[in-house]
Amino acid sequence: MRARPTTATMEAIRMQCDRKALMSTHADGTGTATEAAATTTGVAARAVDLVKTYGSGETTVRALDGVSVEFGRGEFTAIMGPSGSGKSTLMHCLAGLDSATSGSVQIGDTDLTDLSDKQMTALRRDRIGFVFQAFNLVPTLTAQENITLPLDIAGRSPDPQWLHTVFTRLGLTDRLTHRPGELSGGQQQRVACARALAGKPEIIFGDEPTGNLDSHSSGEVLSILRTAVDEFGQTVVIVTHDPRAAAYSDRVVFLADGHIVDELRAPTAESVLDRMKSLETA
């Protein structure tokens, strides 16, 4: 019998699991009206005049100050900026992990500001995938059980053909019966990536997904995210401080003092590093 996951671990993966997806694709190739509408926009996520403040009075901190940005479908975007620039706050607001003080956030055509708590929970669980810096794997479960756990909890049946594709492409077919303690850090993060992909989310957010990995394992994970975009048509948005990680993306968005100050297409590690240096000395 499987050991029951701890409460803390369940909370960490709660956002990726629940009832049937709000935007599922049916076996006959058709989809819901919501899905059809969302796919026509070409925009996976959008923020408009986003403001996020902490504290009050003289101690108020304006983490985001009127940010407007779009993230195209089927694109890999990296968010970068100096410490305290608001990059993690932006991602948390986009992913529905934190609420904005004002402004709006959309996933597809769904405005998060219009959602109830229950609807927000369902959206995070059913339409968004997450890759955390801490792998958040259940140590008593095998790799395959960890990958399918959010779907199991949600009462959703995995698509066997899709899972086979994910397992094969991520190089996990010979590691599916291993528990996390029997896997390297890079292999554990590959399992976390597979878990994010298993439910066919609309968008994947990564919060420093390579932050705990060595350079070799980081390259493996970033290649997987790149493959998710190129071969699976996935949309990926990550926050990173590493120019080498950002170089895997199609586009880098730079923040400073709560504002978007620049963006870079077809980045290289060198061009990203140069831009970061200019921001830190500005």
# chains A, B, ... in the order shown; residues from 1 in each chain; ligands from 1
call {"tool": "closest_atom_pairs", "arguments": {"of": "region 128-215 of chain A", "to": "region 90-111 of chain A", "cutoff": "9 Å", "atoms": "only C-alpha atoms", "output": "tab-separated table"}}
result
residue	atom	partner	partner_atom	distance
A:Ile128	CA	A:Ala95	CA	7.3
A:Phe130	CA	A:Ala95	CA	8.9
A:Glu202	CA	A:Gly108	CA	8.1
A:Ile203	CA	A:Ile107	CA	8.4
A:Ile204	CA	A:Ala95	CA	9.0
A:Phe205	CA	A:Ala95	CA	7.2
A:Gly206	CA	A:Met91	CA	8.7
A:Asp207	CA	A:Met91	CA	7.9
call {"tool": "write_last_selection", "arguments": {"atoms": "C-alpha atoms", "output": "PDB file, in the first residue's frame"}}
result
ATOM      1  CA  ILE A 128      -1.500  25.674 -14.485  1.00  0.00           C
ATOM      2  CA  PHE A 130       4.256  24.370 -11.420  1.00  0.00           C
ATOM      3  CA  GLU A 202      -2.341  25.634 -20.244  1.00  0.00           C
ATOM      4  CA  ILE A 203       0.862  27.191 -18.888  1.00  0.00           C
ATOM      5  CA  ILE A 204       3.795  26.105 -16.713  1.00  0.00           C
ATOM      6  CA  PHE A 205       5.379  28.472 -14.201  1.00  0.00           C
ATOM      7  CA  GLY A 206       8.823  27.759 -12.771  1.00  0.00           C
ATOM      8  CA  ASP A 207      10.165  29.587  -9.732  1.00  0.00           C
TER       9      ASP A 207
END
call {"tool": "atom_distance", "arguments": {"atom1": "CA of Thr177 (chain A)", "atom2": "CA of Gln144 (chain A)"}}
result
6.6 Å
call {"tool": "select_by_dssp", "arguments": {"residues": "region 50-179 of chain A", "states": "strand (DSSP E or B)", "output": "ChimeraX atom specification"}}
result
/A:50-54,61-72,76-80,102-107,110-111,128-131
call {"tool": "residues_around", "arguments": {"residues": "Ser218 (chain A)", "least_positions_apart": "5", "cutoff": "10 Å", "atoms": "only C-alpha atoms", "output": "VMD selection string"}}
result
chain A and resid 185 to 186 189 209 to 213 223 to 224 244 to 245
call {"tool": "select_by_dssp", "arguments": {"residues": "region 63-202 of chain A", "states": "alpha helix (DSSP H)", "output": "ChimeraX atom specification"}}
result
/A:87-94,117-127,143-154,160-169,185-198
call {"tool": "residues_around", "arguments": {"residues": "Tyr54 (chain A)", "least_positions_apart": "4", "cutoff": "12 Å", "atoms": "only C-alpha atoms", "output": "list in words"}}
result
Glu58, Thr59, Thr60, Val61, Arg62, Ala63, Leu64, Asp65, Gly86, Thr89, Asp98, Ser99, Ala100 and Thr101 of chain A
call {"tool": "write_last_selection", "arguments": {"atoms": "C-alpha atoms", "output": "PDB file, in the first residue's frame"}}
result
ATOM      1  CA  GLU A  58       5.526  55.114   5.500  1.00  0.00           C
ATOM      2  CA  THR A  59       6.453  51.433   5.403  1.00  0.00           C
ATOM      3  CA  THR A  60       4.576  50.707   2.153  1.00  0.00           C
ATOM      4  CA  VAL A  61       6.592  48.726  -0.372  1.00  0.00           C
ATOM      5  CA  ARG A  62       5.423  48.888  -3.986  1.00  0.00           C
ATOM      6  CA  ALA A  63       6.640  45.553  -5.337  1.00  0.00           C
ATOM      7  CA  LEU A  64       4.852  45.986  -8.673  1.00  0.00           C
ATOM      8  CA  ASP A  65       4.090  49.449 -10.006  1.00  0.00           C
ATOM      9  CA  GLY A  86       9.433  42.272  -8.257  1.00  0.00           C
ATOM     10  CA  THR A  89       5.881  38.791  -7.091  1.00  0.00           C
ATOM     11  CA  ASP A  98      -0.928  35.908  -4.706  1.00  0.00           C
ATOM     12  CA  SER A  99      -3.526  38.600  -5.311  1.00  0.00           C
ATOM     13  CA  ALA A 100      -2.722  41.995  -6.779  1.00  0.00           C
ATOM     14  CA  THR A 101      -3.537  45.242  -5.016  1.00  0.00           C
TER      15      THR A 101
END
call {"tool": "closest_residue", "arguments": {"among": "A:His216, A:Lys87, A:Val69, A:Ile79", "to": "Lys52 (chain A)", "atoms": "only C-alpha atoms"}}
result
A:Lys87
call {"tool": "closest_residue", "arguments": {"among": "A:Glu231, A:Glu145, A:Asp214, A:Glu263", "to": "Leu170 (chain A)", "atoms": "only C-alpha atoms"}}
result
A:Glu231
call {"tool": "atom_distance", "arguments": {"atom1": "CA of Val261 (chain A)", "atom2": "CA of Glu75 (chain A)"}}
result
20.1 Å
call {"tool": "closest_residue", "arguments": {"among": "A:Arg169, A:Val131, A:Met276, A:Thr113", "to": "Thr227 (chain A)", "atoms": "only C-alpha atoms"}}
result
A:Arg169
call {"tool": "residues_around", "arguments": {"residues": "Glu208 (chain A)", "least_positions_apart": "5", "cutoff": "8 Å", "atoms": "only C-alpha atoms", "output": "list in words"}}
result
Phe132, Gln133, Ile238, Val239, Thr240 and His241 of chain A
